[in-house]
>>> print(open('my_file_31.csv').read())   # CSV, C-alpha atoms
chain,number,residue,atom,x,y,z
Y,1,MET,CA,-8.0,-0.4,-56.7
Y,2,GLU,CA,-6.3,2.9,-56.3
Y,3,SER,CA,-6.2,4.8,-53.0
Y,4,ASN,CA,-5.2,8.4,-52.9
Y,5,GLN,CA,-3.6,10.3,-50.0
Y,6,SER,CA,-6.9,12.1,-49.4
Y,7,ASP,CA,-8.7,8.7,-48.7
Y,8,TYR,CA,-6.9,8.7,-45.4
Y,9,LEU,CA,-8.2,12.0,-44.2
Y,10,PRO,CA,-11.1,10.6,-42.2
Y,11,ILE,CA,-8.7,8.6,-40.1
Y,12,LEU,CA,-6.6,11.7,-39.3
Y,13,ILE,CA,-9.8,13.5,-38.3
Y,14,GLN,CA,-10.9,10.7,-36.1
Y,15,MET,CA,-7.5,10.5,-34.4
Y,16,LEU,CA,-7.5,14.3,-33.8
Y,17,LEU,CA,-11.0,14.1,-32.3
Y,18,ALA,CA,-10.0,11.2,-30.0
Y,19,VAL,CA,-6.8,12.8,-28.8
Y,20,GLY,CA,-8.4,16.3,-28.7
Y,21,PHE,CA,-11.2,15.0,-26.4
Y,22,VAL,CA,-8.7,13.5,-24.0
Y,23,VAL,CA,-6.5,16.6,-23.9
Y,24,LEU,CA,-9.5,18.9,-23.5
Y,25,THR,CA,-11.1,17.0,-20.6
Y,26,ILE,CA,-7.8,16.8,-18.8
Y,27,ILE,CA,-7.0,20.5,-19.2
Y,28,GLY,CA,-10.7,21.4,-18.5
Y,29,SER,CA,-11.0,19.5,-15.3
Y,30,SER,CA,-7.8,21.0,-14.0
Y,31,PHE,CA,-9.4,24.4,-14.5
Y,32,LEU,CA,-12.8,23.5,-13.1
Y,33,GLY,CA,-11.8,21.5,-10.1
Y,34,PRO,CA,-11.6,23.3,-6.7
Y,35,LYS,CA,-8.2,23.5,-5.1
Y,36,ARG,CA,-6.5,24.8,-2.0
Y,37,HIS,CA,-2.8,25.3,-1.9
Y,38,SER,CA,-0.6,26.1,1.0
Y,39,LYS,CA,3.2,25.9,1.5
Y,40,ASN,CA,3.2,22.8,3.6
Y,41,LYS,CA,0.6,21.1,1.5
Y,42,ASP,CA,2.6,21.4,-1.7
Y,43,LYS,CA,5.8,20.0,-0.2
Y,44,THR,CA,6.9,16.6,-1.3
Y,45,PHE,CA,5.4,13.9,0.9
Y,46,GLU,CA,7.9,12.1,3.0
Y,47,CYS,CA,5.8,10.4,5.7
Y,48,GLY,CA,5.5,13.7,7.6
Y,49,ILE,CA,9.1,14.6,7.9
Y,50,GLU,CA,11.1,17.3,6.0
Y,51,SER,CA,12.6,15.9,2.8
Y,52,VAL,CA,16.3,16.5,2.3
Y,53,GLY,CA,18.0,17.0,-1.1
Y,54,ASN,CA,17.2,15.9,-4.6
Y,55,ALA,CA,15.6,12.5,-5.4
Y,56,ARG,CA,17.7,12.2,-8.6
Y,57,VAL,CA,20.6,9.9,-8.0
Y,58,PRO,CA,23.4,9.2,-10.6
Y,59,PHE,CA,23.3,5.6,-11.9
Y,60,SER,CA,26.1,3.6,-13.5
Y,61,VAL,CA,26.9,3.7,-17.2
Y,62,LYS,CA,26.7,-0.1,-17.6
Y,63,TYR,CA,23.0,0.2,-18.1
Y,64,PHE,CA,23.6,2.6,-21.0
Y,65,LEU,CA,26.2,0.3,-22.6
Y,66,VAL,CA,24.0,-2.7,-22.5
Y,67,ALA,CA,21.1,-0.8,-24.0
Y,68,ILE,CA,23.0,0.9,-26.8
Y,69,LEU,CA,24.7,-2.4,-27.9
Y,70,PHE,CA,21.3,-4.0,-27.9
Y,71,VAL,CA,20.0,-1.3,-30.2
Y,72,LEU,CA,22.9,-1.8,-32.6
Y,73,PHE,CA,22.5,-5.5,-32.9
Y,74,ASP,CA,18.8,-5.3,-33.1
Y,75,VAL,CA,19.1,-3.0,-36.1
Y,76,GLU,CA,21.2,-5.6,-37.7
Y,77,VAL,CA,18.5,-8.2,-37.1
Y,78,ILE,CA,15.9,-5.8,-38.6
Y,79,PHE,CA,18.0,-5.6,-41.8
Y,80,MET,CA,17.9,-9.4,-42.0
Y,81,TYR,CA,14.1,-9.5,-42.1
Y,82,PRO,CA,13.7,-8.4,-45.8
Y,83,TRP,CA,16.4,-10.9,-46.7
Y,84,ALA,CA,14.4,-13.7,-44.9
Y,85,VAL,CA,11.3,-12.8,-46.9
Y,86,ASN,CA,13.1,-12.7,-50.3
Y,87,PHE,CA,15.6,-15.5,-49.6
Y,88,ARG,CA,15.0,-17.5,-52.7
Y,89,ALA,CA,14.8,-14.5,-55.0
Y,90,MET,CA,18.1,-13.1,-53.8
Y,91,GLY,CA,19.9,-16.4,-54.2
Y,92,VAL,CA,23.6,-17.0,-53.5
Y,93,GLU,CA,24.6,-13.5,-54.5
Y,94,GLY,CA,22.3,-12.1,-51.8
Y,95,MET,CA,23.8,-14.5,-49.3
Y,96,MET,CA,27.3,-13.3,-50.0
Y,97,LYS,CA,26.2,-9.6,-49.6
Y,98,MET,CA,24.5,-10.4,-46.3
Y,99,GLY,CA,27.4,-12.4,-45.2
Y,100,ILE,CA,29.8,-9.5,-45.7
Y,101,PHE,CA,27.4,-7.3,-43.7
Y,102,MET,CA,27.2,-9.7,-40.9
Y,103,VAL,CA,31.0,-10.3,-40.8
Y,104,LEU,CA,31.5,-6.5,-40.4
Y,105,LEU,CA,29.2,-6.5,-37.5
Y,106,LEU,CA,30.9,-9.6,-36.1
Y,107,VAL,CA,34.2,-7.7,-36.1
Y,108,GLY,CA,32.5,-5.0,-34.0
Y,109,PHE,CA,31.2,-7.7,-31.7
Y,110,PHE,CA,34.7,-9.1,-31.1
Y,111,TYR,CA,35.9,-5.6,-30.3
Y,112,VAL,CA,33.2,-5.3,-27.6
Y,113,MET,CA,34.2,-8.7,-26.2
Y,114,LYS,CA,37.9,-7.9,-26.1
Y,115,LYS,CA,37.2,-4.5,-24.5
Y,116,LYS,CA,35.0,-6.2,-21.9
Y,117,GLY,CA,32.2,-3.9,-22.7
Y,118,LEU,CA,29.5,-6.4,-21.6
Y,119,GLU,CA,31.2,-7.5,-18.4
Y,120,TRP,CA,28.9,-6.9,-15.4
Y,121,GLU,CA,31.0,-6.9,-12.3
J,1,MET,CA,-44.6,-0.9,5.3
J,2,SER,CA,-41.8,-3.2,6.4
J,3,ASN,CA,-41.9,-5.8,9.2
J,4,SER,CA,-40.2,-4.5,12.3
J,5,SER,CA,-38.3,-7.8,12.6
J,6,LYS,CA,-36.9,-7.6,9.1
J,7,ILE,CA,-33.4,-6.1,8.7
J,8,ILE,CA,-33.4,-3.1,6.4
J,9,THR,CA,-30.8,-3.5,3.7
J,10,ASP,CA,-31.7,-0.6,1.4
J,11,ALA,CA,-30.0,2.7,1.9
J,12,PRO,CA,-32.4,5.6,2.2
J,13,ALA,CA,-32.6,7.5,-1.1
J,14,PRO,CA,-31.9,11.3,-0.9
J,15,GLU,CA,-34.8,13.7,-1.4
J,16,GLY,CA,-35.7,14.1,-5.0
J,17,PHE,CA,-38.2,13.9,-7.7
J,18,SER,CA,-38.7,10.5,-9.3
J,19,GLY,CA,-40.6,9.4,-12.3
J,20,GLU,CA,-40.8,6.6,-14.8
J,21,GLY,CA,-37.1,5.5,-15.1
J,22,PHE,CA,-35.5,8.6,-13.7
J,23,PHE,CA,-34.7,10.2,-10.4
J,24,ALA,CA,-33.8,13.9,-10.1
J,25,THR,CA,-32.1,15.3,-7.0
J,26,LYS,CA,-29.6,17.9,-5.9
J,27,LEU,CA,-26.0,17.5,-7.0
J,28,ASP,CA,-24.9,18.0,-3.3
J,29,SER,CA,-26.8,14.9,-2.3
J,30,VAL,CA,-25.3,12.8,-5.0
J,31,VAL,CA,-21.8,14.0,-4.3
J,32,GLY,CA,-22.4,13.5,-0.6
J,33,MET,CA,-23.6,10.0,-1.2
J,34,ALA,CA,-20.7,9.2,-3.4
J,35,ARG,CA,-18.2,10.5,-1.0
J,36,ALA,CA,-19.8,8.8,2.0
J,37,ASN,CA,-19.8,5.4,0.4
J,38,SER,CA,-16.2,5.5,-0.8
J,39,LEU,CA,-14.2,6.9,2.1
J,40,TRP,CA,-10.6,5.7,1.6
J,41,PRO,CA,-8.8,5.7,5.0
J,42,LEU,CA,-5.2,6.6,5.8
J,43,PRO,CA,-4.4,4.3,8.7
J,44,PHE,CA,-2.2,6.2,11.0
J,45,ALA,CA,-1.8,3.3,13.4
J,46,THR,CA,0.6,3.7,16.2
J,47,SER,CA,-0.4,1.3,19.0
J,48,CYS,CA,-2.9,-1.3,20.1
J,49,CYS,CA,-5.8,0.4,18.4
J,50,GLY,CA,-4.0,-0.3,15.2
J,51,ILE,CA,-4.3,-4.0,15.9
J,52,GLU,CA,-8.0,-3.6,16.4
J,53,PHE,CA,-8.1,-1.8,13.0
J,54,MET,CA,-6.3,-4.7,11.4
J,55,ALA,CA,-9.1,-6.9,12.7
J,56,THR,CA,-11.6,-4.4,11.3
J,57,MET,CA,-9.9,-4.6,7.9
J,58,ALA,CA,-10.0,-8.4,7.9
J,59,SER,CA,-12.8,-10.5,6.6
J,60,HIS,CA,-14.9,-10.9,9.8
J,61,TYR,CA,-15.6,-7.2,10.5
J,62,ASP,CA,-14.7,-6.1,7.0
J,63,VAL,CA,-14.5,-2.3,6.7
J,64,ALA,CA,-14.4,-2.7,2.9
J,65,ARG,CA,-18.2,-3.1,2.8
J,66,PHE,CA,-18.4,0.5,3.9
J,67,GLY,CA,-16.4,1.6,0.9
J,68,SER,CA,-13.0,1.6,2.5
J,69,GLU,CA,-11.7,-1.0,0.1
J,70,ARG,CA,-8.3,0.6,-0.5
J,71,MET,CA,-6.2,1.8,2.4
J,72,SER,CA,-4.1,4.7,1.1
J,73,PHE,CA,-0.8,5.4,2.8
J,74,SER,CA,-0.4,8.5,0.7
J,75,PRO,CA,-2.3,11.5,2.1
J,76,ARG,CA,-2.9,12.8,-1.4
J,77,GLN,CA,-5.2,10.0,-2.2
J,78,ALA,CA,-6.9,9.4,1.2
J,79,ASP,CA,-10.2,10.8,2.4
J,80,MET,CA,-10.2,10.1,6.1
J,81,LEU,CA,-7.3,10.0,8.5
J,82,LEU,CA,-7.7,7.3,11.1
J,83,VAL,CA,-5.5,8.2,14.0
J,84,MET,CA,-5.2,5.0,16.1
J,85,GLY,CA,-3.0,4.8,19.0
J,86,THR,CA,-0.9,6.9,21.4
J,87,ILE,CA,0.6,10.0,19.8
J,88,ALA,CA,3.7,11.1,21.5
J,89,LYS,CA,4.7,14.8,21.4
J,90,LYS,CA,7.6,13.8,19.1
J,91,MET,CA,5.1,12.3,16.7
J,92,ALA,CA,2.8,15.4,16.8
J,93,PRO,CA,4.5,17.5,14.0
J,94,ILE,CA,4.6,14.4,11.8
J,95,LEU,CA,0.9,13.8,12.3
J,96,ARG,CA,0.2,17.5,11.6
J,97,GLN,CA,2.3,17.4,8.4
J,98,VAL,CA,0.5,14.3,7.2
J,99,TYR,CA,-2.9,16.0,7.8
J,100,GLU,CA,-1.8,19.2,6.1
J,101,GLN,CA,-0.7,17.3,3.0
J,102,MET,CA,-4.0,15.5,2.6
J,103,ALA,CA,-6.2,16.6,-0.3
J,104,GLU,CA,-9.6,18.1,0.4
J,105,PRO,CA,-12.2,16.8,1.2
J,106,ARG,CA,-10.6,15.3,4.3
J,107,TRP,CA,-11.9,14.1,7.7
J,108,VAL,CA,-10.3,12.8,10.8
J,109,ILE,CA,-11.4,10.0,13.1
J,110,SER,CA,-9.6,9.7,16.4
J,111,VAL,CA,-9.7,6.0,17.5
J,112,GLY,CA,-9.1,5.0,21.0
J,113,ALA,CA,-8.6,6.8,24.3
J,114,CYS,CA,-5.0,7.8,23.6
J,115,ALA,CA,-5.8,9.6,20.4
J,116,CYS,CA,-8.9,11.2,21.9
J,117,SER,CA,-7.4,12.6,25.1
J,118,GLY,CA,-4.1,10.9,25.9
J,119,GLY,CA,-5.7,7.9,27.5
J,120,ILE,CA,-4.1,6.5,30.6
J,121,PHE,CA,-0.8,8.2,29.7
J,122,ASP,CA,-1.1,11.6,31.4
J,123,THR,CA,2.6,12.2,31.2
J,124,TYR,CA,5.2,14.7,29.8
J,125,SER,CA,5.8,12.8,26.6
J,126,VAL,CA,2.3,12.0,25.4
J,127,LEU,CA,0.1,14.4,23.5
J,128,GLN,CA,-3.1,14.8,25.4
J,129,GLY,CA,-5.4,14.3,22.5
J,130,ILE,CA,-4.8,14.9,18.8
J,131,ASP,CA,-7.4,17.7,18.7
J,132,LYS,CA,-4.7,19.8,20.2
J,133,ILE,CA,-3.0,19.9,16.7
J,134,ILE,CA,-5.5,18.9,14.1
J,135,PRO,CA,-9.3,19.3,13.8
J,136,VAL,CA,-11.1,16.0,14.5
J,137,ASP,CA,-14.5,15.0,13.2
J,138,VAL,CA,-15.4,11.8,15.0
J,139,TYR,CA,-14.0,10.5,18.3
J,140,VAL,CA,-14.2,6.7,19.0
J,141,PRO,CA,-13.6,6.0,22.7
J,142,GLY,CA,-12.3,2.7,24.0
J,143,CYS,CA,-9.1,1.1,25.1
J,144,PRO,CA,-9.0,-0.4,22.6
J,145,PRO,CA,-12.4,0.0,20.9
J,146,ARG,CA,-13.9,-3.2,19.4
J,147,PRO,CA,-14.0,-3.4,15.6
J,148,GLU,CA,-17.8,-2.8,15.8
J,149,GLN,CA,-17.1,0.5,17.6
J,150,ILE,CA,-14.6,1.5,14.9
J,151,LEU,CA,-17.2,0.7,12.3
J,152,ASP,CA,-19.8,2.7,14.2
J,153,GLY,CA,-17.4,5.7,14.1
J,154,VAL,CA,-17.0,5.2,10.4
J,155,MET,CA,-20.8,5.2,10.0
J,156,ARG,CA,-21.1,8.4,12.1
J,157,LEU,CA,-18.5,10.0,9.7
J,158,GLN,CA,-20.6,8.8,6.8
J,159,ASP,CA,-23.6,10.7,8.1
J,160,LEU,CA,-21.4,13.7,8.5
J,161,VAL,CA,-20.0,13.4,4.9
J,162,ARG,CA,-23.4,12.8,3.4
J,163,SER,CA,-24.8,16.1,4.6
J,164,GLU,CA,-21.7,18.2,4.0
J,165,SER,CA,-21.7,21.1,1.5
J,166,VAL,CA,-19.7,20.6,-1.7
J,167,ARG,CA,-18.1,24.0,-1.4
J,168,ARG,CA,-17.0,23.6,2.2
J,169,ARG,CA,-13.3,23.9,1.5
J,170,SER,CA,-13.7,27.5,0.2
J,171,SER,CA,-16.1,28.5,3.1
J,172,PRO,CA,-14.9,30.9,5.7
J,173,GLU,CA,-15.9,28.5,8.4
J,174,TYR,CA,-13.4,25.9,7.2
J,175,THR,CA,-10.6,28.5,6.9
J,176,GLU,CA,-11.3,29.7,10.4
J,177,LEU,CA,-11.3,26.2,11.8
J,178,LEU,CA,-7.9,25.5,10.2
J,179,ALA,CA,-6.6,28.9,11.3
J,180,SER,CA,-7.4,28.1,14.9
J,181,TYR,CA,-4.9,25.3,14.5
J,182,ASN,CA,-2.5,27.5,12.7
J,183,ILE,CA,-2.9,25.5,9.5
J,184,LYS,CA,-3.0,27.7,6.3
>>> encode(input="my_file_31.csv", output="structure tokens")
Amino acid sequence: MESNQSDYLPILIQMLLAVGFVVLTIIGSSFLGPKRHSKNKDKTFECGIESVGNARVPFSVKYFLVAILFVLFDVEVIFMYPWAVNFRAMGVEGMMKMGIFMVLLLVGFFYVMKKKGLEWE
Amino acid sequence: MSNSSKIITDAPAPEGFSGEGFFATKLDSVVGMARANSLWPLPFATSCCGIEFMATMASHYDVARFGSERMSFSPRQADMLLVMGTIAKKMAPILRQVYEQMAEPRWVISVGACACSGGIFDTYSVLQGIDKIIPVDVYVPGCPPRPEQILDGVMRLQDLVRSESVRRRSSPEYTELLASYNIK
């Protein structure tokens, strides 16, 4: 049975209605609710004392390295999923191609290990 | 209608018009009832009265059955400020800032003799009553007051909240009251 693009229009309308309702009620209640503002009231709460400086603090780059290497190797695994599904159909030739792909990424992995990129001192 | 020896467990309904399966009343009464039965406290416990409040929070005296299920330590999410204990003059600006940063509607209960009037500490370092710096709604005397007394104070506050106008925060009376404490 054939399904056109236009068959999915009701789903789009339903999503717009749901998201639109949420957005409208949040914005609407912010206009309708009573508020009182004053200089001291709007200050950041720090248990009654004056707050000093910015709350943003620089954090070390190790976190970024770990995250980005994870993303790279995770993408490699994602490429292996279609191969897993069509394993038999792709046969030995497919295995050779995937093998070359994985060896290239393995070279990158050895580079990371030698450069001590994942050391967490 | 009810036996005088029976304990009344139903809360009195607000004035309204009832019929088959519906009850119509003023919005103020409903909002007042909702606010009164869900007062979230900000425990500003400094001394011995704080210990009595801990007993009040515990299961025997249980302030949660009055709606104070969640103690909020953030003034933005609290309804009533429970000042329990001796407030030194050094602590006074901190208490004032915490009160100012509370979101309306807000009420203050001053628990214990020290918070009400300085208590037995009539000295240079103790603030002689928190109503010198913030407006107080209910005073609970005692040194320290029993948990039942603290609960009685909460119930008095509930009566106050139930009959309060919904638009109080924009009324000139409220603004004047805060201005008398130099709070904007």
>>> interface_residues(input="my_file_31.csv", of="chain J", to="chain Y", cutoff="7 Å", atoms="only C-alpha atoms", output="PyMOL selection string")
chain J and resi 94-95+97-98+100-101+184
>>> closest_residue(input="my_file_31.csv", among="J:Val108, J:Met71, J:Leu82, J:Val166", to="J:Val138", atoms="all atoms listed in the file")
J:Val108
>>> atom_distance(input="my_file_31.csv", atom1="atom CA of J:His60", atom2="atom CA of J:Leu151")
12.1 Å
>>> atom_distance(input="my_file_31.csv", atom1="atom CA of J:Pro172", atom2="atom CA of J:Met80")
21.3 Å
>>> atom_distance(input="my_file_31.csv", atom1="atom CA of J:Ile130", atom2="atom CA of J:Ala34")
27.9 Å
>>> build_atoms(input="my_file_31.csv", residues="stretch 85-118 of chain Y", atoms="N, CA and C atoms", output="PDB file, keeping the file's coordinate frame")
ATOM      1  N   VAL Y  85      12.555 -12.701 -46.117  1.00  0.00           N
ATOM      2  CA  VAL Y  85      11.300 -12.800 -46.900  1.00  0.00           C
ATOM      3  C   VAL Y  85      11.699 -13.128 -48.384  1.00  0.00           C
ATOM      4  N   ASN Y  86      12.776 -12.477 -48.895  1.00  0.00           N
ATOM      5  CA  ASN Y  86      13.100 -12.700 -50.300  1.00  0.00           C
ATOM      6  C   ASN Y  86      14.343 -13.595 -50.432  1.00  0.00           C
ATOM      7  N   PHE Y  87      14.418 -14.607 -49.635  1.00  0.00           N
ATOM      8  CA  PHE Y  87      15.600 -15.500 -49.600  1.00  0.00           C
ATOM      9  C   PHE Y  87      15.882 -16.113 -50.956  1.00  0.00           C
ATOM     10  N   ARG Y  88      14.822 -16.764 -51.466  1.00  0.00           N
ATOM     11  CA  ARG Y  88      15.000 -17.500 -52.700  1.00  0.00           C
ATOM     12  C   ARG Y  88      15.341 -16.555 -53.868  1.00  0.00           C
ATOM     13  N   ALA Y  89      14.625 -15.409 -53.910  1.00  0.00           N
ATOM     14  CA  ALA Y  89      14.800 -14.500 -55.000  1.00  0.00           C
ATOM     15  C   ALA Y  89      16.220 -13.904 -55.042  1.00  0.00           C
ATOM     16  N   MET Y  90      16.802 -13.727 -53.869  1.00  0.00           N
ATOM     17  CA  MET Y  90      18.100 -13.100 -53.800  1.00  0.00           C
ATOM     18  C   MET Y  90      19.249 -14.136 -54.072  1.00  0.00           C
ATOM     19  N   GLY Y  91      18.982 -15.384 -53.828  1.00  0.00           N
ATOM     20  CA  GLY Y  91      19.900 -16.400 -54.200  1.00  0.00           C
ATOM     21  C   GLY Y  91      21.254 -16.375 -53.486  1.00  0.00           C
ATOM     22  N   VAL Y  92      22.263 -16.965 -54.145  1.00  0.00           N
ATOM     23  CA  VAL Y  92      23.600 -17.000 -53.500  1.00  0.00           C
ATOM     24  C   VAL Y  92      24.214 -15.673 -53.422  1.00  0.00           C
ATOM     25  N   GLU Y  93      23.964 -14.824 -54.476  1.00  0.00           N
ATOM     26  CA  GLU Y  93      24.600 -13.500 -54.500  1.00  0.00           C
ATOM     27  C   GLU Y  93      24.105 -12.697 -53.254  1.00  0.00           C
ATOM     28  N   GLY Y  94      22.796 -12.815 -52.966  1.00  0.00           N
ATOM     29  CA  GLY Y  94      22.300 -12.100 -51.800  1.00  0.00           C
ATOM     30  C   GLY Y  94      22.925 -12.609 -50.519  1.00  0.00           C
ATOM     31  N   MET Y  95      23.169 -13.936 -50.470  1.00  0.00           N
ATOM     32  CA  MET Y  95      23.800 -14.500 -49.300  1.00  0.00           C
ATOM     33  C   MET Y  95      25.179 -13.972 -49.066  1.00  0.00           C
ATOM     34  N   MET Y  96      25.923 -13.842 -50.149  1.00  0.00           N
ATOM     35  CA  MET Y  96      27.300 -13.300 -50.000  1.00  0.00           C
ATOM     36  C   MET Y  96      27.257 -11.883 -49.488  1.00  0.00           C
ATOM     37  N   LYS Y  97      26.313 -11.056 -50.035  1.00  0.00           N
ATOM     38  CA  LYS Y  97      26.200  -9.600 -49.600  1.00  0.00           C
ATOM     39  C   LYS Y  97      25.886  -9.571 -48.111  1.00  0.00           C
ATOM     40  N   MET Y  98      24.888 -10.369 -47.722  1.00  0.00           N
ATOM     41  CA  MET Y  98      24.500 -10.400 -46.300  1.00  0.00           C
ATOM     42  C   MET Y  98      25.588 -10.896 -45.427  1.00  0.00           C
ATOM     43  N   GLY Y  99      26.326 -11.875 -45.985  1.00  0.00           N
ATOM     44  CA  GLY Y  99      27.400 -12.400 -45.200  1.00  0.00           C
ATOM     45  C   GLY Y  99      28.491 -11.379 -44.928  1.00  0.00           C
ATOM     46  N   ILE Y 100      28.816 -10.554 -45.934  1.00  0.00           N
ATOM     47  CA  ILE Y 100      29.800  -9.500 -45.700  1.00  0.00           C
ATOM     48  C   ILE Y 100      29.302  -8.520 -44.646  1.00  0.00           C
ATOM     49  N   PHE Y 101      27.997  -8.170 -44.736  1.00  0.00           N
ATOM     50  CA  PHE Y 101      27.400  -7.300 -43.700  1.00  0.00           C
ATOM     51  C   PHE Y 101      27.529  -7.825 -42.349  1.00  0.00           C
ATOM     52  N   MET Y 102      27.192  -9.108 -42.210  1.00  0.00           N
ATOM     53  CA  MET Y 102      27.200  -9.700 -40.900  1.00  0.00           C
ATOM     54  C   MET Y 102      28.644  -9.850 -40.362  1.00  0.00           C
ATOM     55  N   VAL Y 103      29.611 -10.112 -41.273  1.00  0.00           N
ATOM     56  CA  VAL Y 103      31.000 -10.300 -40.800  1.00  0.00           C
ATOM     57  C   VAL Y 103      31.499  -8.937 -40.264  1.00  0.00           C
ATOM     58  N   LEU Y 104      31.112  -7.822 -40.939  1.00  0.00           N
ATOM     59  CA  LEU Y 104      31.500  -6.500 -40.400  1.00  0.00           C
ATOM     60  C   LEU Y 104      31.020  -6.284 -39.011  1.00  0.00           C
ATOM     61  N   LEU Y 105      29.737  -6.667 -38.808  1.00  0.00           N
ATOM     62  CA  LEU Y 105      29.200  -6.500 -37.500  1.00  0.00           C
ATOM     63  C   LEU Y 105      29.808  -7.427 -36.472  1.00  0.00           C
ATOM     64  N   LEU Y 106      30.215  -8.610 -36.970  1.00  0.00           N
ATOM     65  CA  LEU Y 106      30.900  -9.600 -36.100  1.00  0.00           C
ATOM     66  C   LEU Y 106      32.208  -9.037 -35.587  1.00  0.00           C
ATOM     67  N   VAL Y 107      32.915  -8.309 -36.474  1.00  0.00           N
ATOM     68  CA  VAL Y 107      34.200  -7.700 -36.100  1.00  0.00           C
ATOM     69  C   VAL Y 107      33.930  -6.731 -34.907  1.00  0.00           C
ATOM     70  N   GLY Y 108      32.844  -5.929 -35.067  1.00  0.00           N
ATOM     71  CA  GLY Y 108      32.500  -5.000 -34.000  1.00  0.00           C
ATOM     72  C   GLY Y 108      32.195  -5.770 -32.686  1.00  0.00           C
ATOM     73  N   PHE Y 109      31.529  -6.930 -32.832  1.00  0.00           N
ATOM     74  CA  PHE Y 109      31.200  -7.700 -31.700  1.00  0.00           C
ATOM     75  C   PHE Y 109      32.440  -8.230 -30.944  1.00  0.00           C
ATOM     76  N   PHE Y 110      33.432  -8.674 -31.740  1.00  0.00           N
ATOM     77  CA  PHE Y 110      34.700  -9.100 -31.100  1.00  0.00           C
ATOM     78  C   PHE Y 110      35.391  -8.012 -30.403  1.00  0.00           C
ATOM     79  N   TYR Y 111      35.316  -6.795 -30.991  1.00  0.00           N
ATOM     80  CA  TYR Y 111      35.900  -5.600 -30.300  1.00  0.00           C
ATOM     81  C   TYR Y 111      35.278  -5.412 -28.952  1.00  0.00           C
ATOM     82  N   VAL Y 112      33.926  -5.510 -28.906  1.00  0.00           N
ATOM     83  CA  VAL Y 112      33.200  -5.300 -27.600  1.00  0.00           C
ATOM     84  C   VAL Y 112      33.652  -6.367 -26.621  1.00  0.00           C
ATOM     85  N   MET Y 113      33.776  -7.626 -27.101  1.00  0.00           N
ATOM     86  CA  MET Y 113      34.200  -8.700 -26.200  1.00  0.00           C
ATOM     87  C   MET Y 113      35.552  -8.480 -25.627  1.00  0.00           C
ATOM     88  N   LYS Y 114      36.511  -8.087 -26.533  1.00  0.00           N
ATOM     89  CA  LYS Y 114      37.900  -7.900 -26.100  1.00  0.00           C
ATOM     90  C   LYS Y 114      37.981  -6.724 -25.115  1.00  0.00           C
ATOM     91  N   LYS Y 115      37.177  -5.673 -25.362  1.00  0.00           N
ATOM     92  CA  LYS Y 115      37.200  -4.500 -24.500  1.00  0.00           C
ATOM     93  C   LYS Y 115      36.421  -4.714 -23.209  1.00  0.00           C
ATOM     94  N   LYS Y 116      35.812  -5.892 -23.070  1.00  0.00           N
ATOM     95  CA  LYS Y 116      35.000  -6.200 -21.900  1.00  0.00           C
ATOM     96  C   LYS Y 116      33.861  -5.258 -21.687  1.00  0.00           C
ATOM     97  N   GLY Y 117      33.235  -4.890 -22.804  1.00  0.00           N
ATOM     98  CA  GLY Y 117      32.200  -3.900 -22.700  1.00  0.00           C
ATOM     99  C   GLY Y 117      30.904  -4.477 -22.025  1.00  0.00           C
ATOM    100  N   LEU Y 118      30.710  -5.783 -22.119  1.00  0.00           N
ATOM    101  CA  LEU Y 118      29.500  -6.400 -21.600  1.00  0.00           C
ATOM    102  C   LEU Y 118      29.757  -7.075 -20.244  1.00  0.00           C
TER     103      LEU Y 118
END
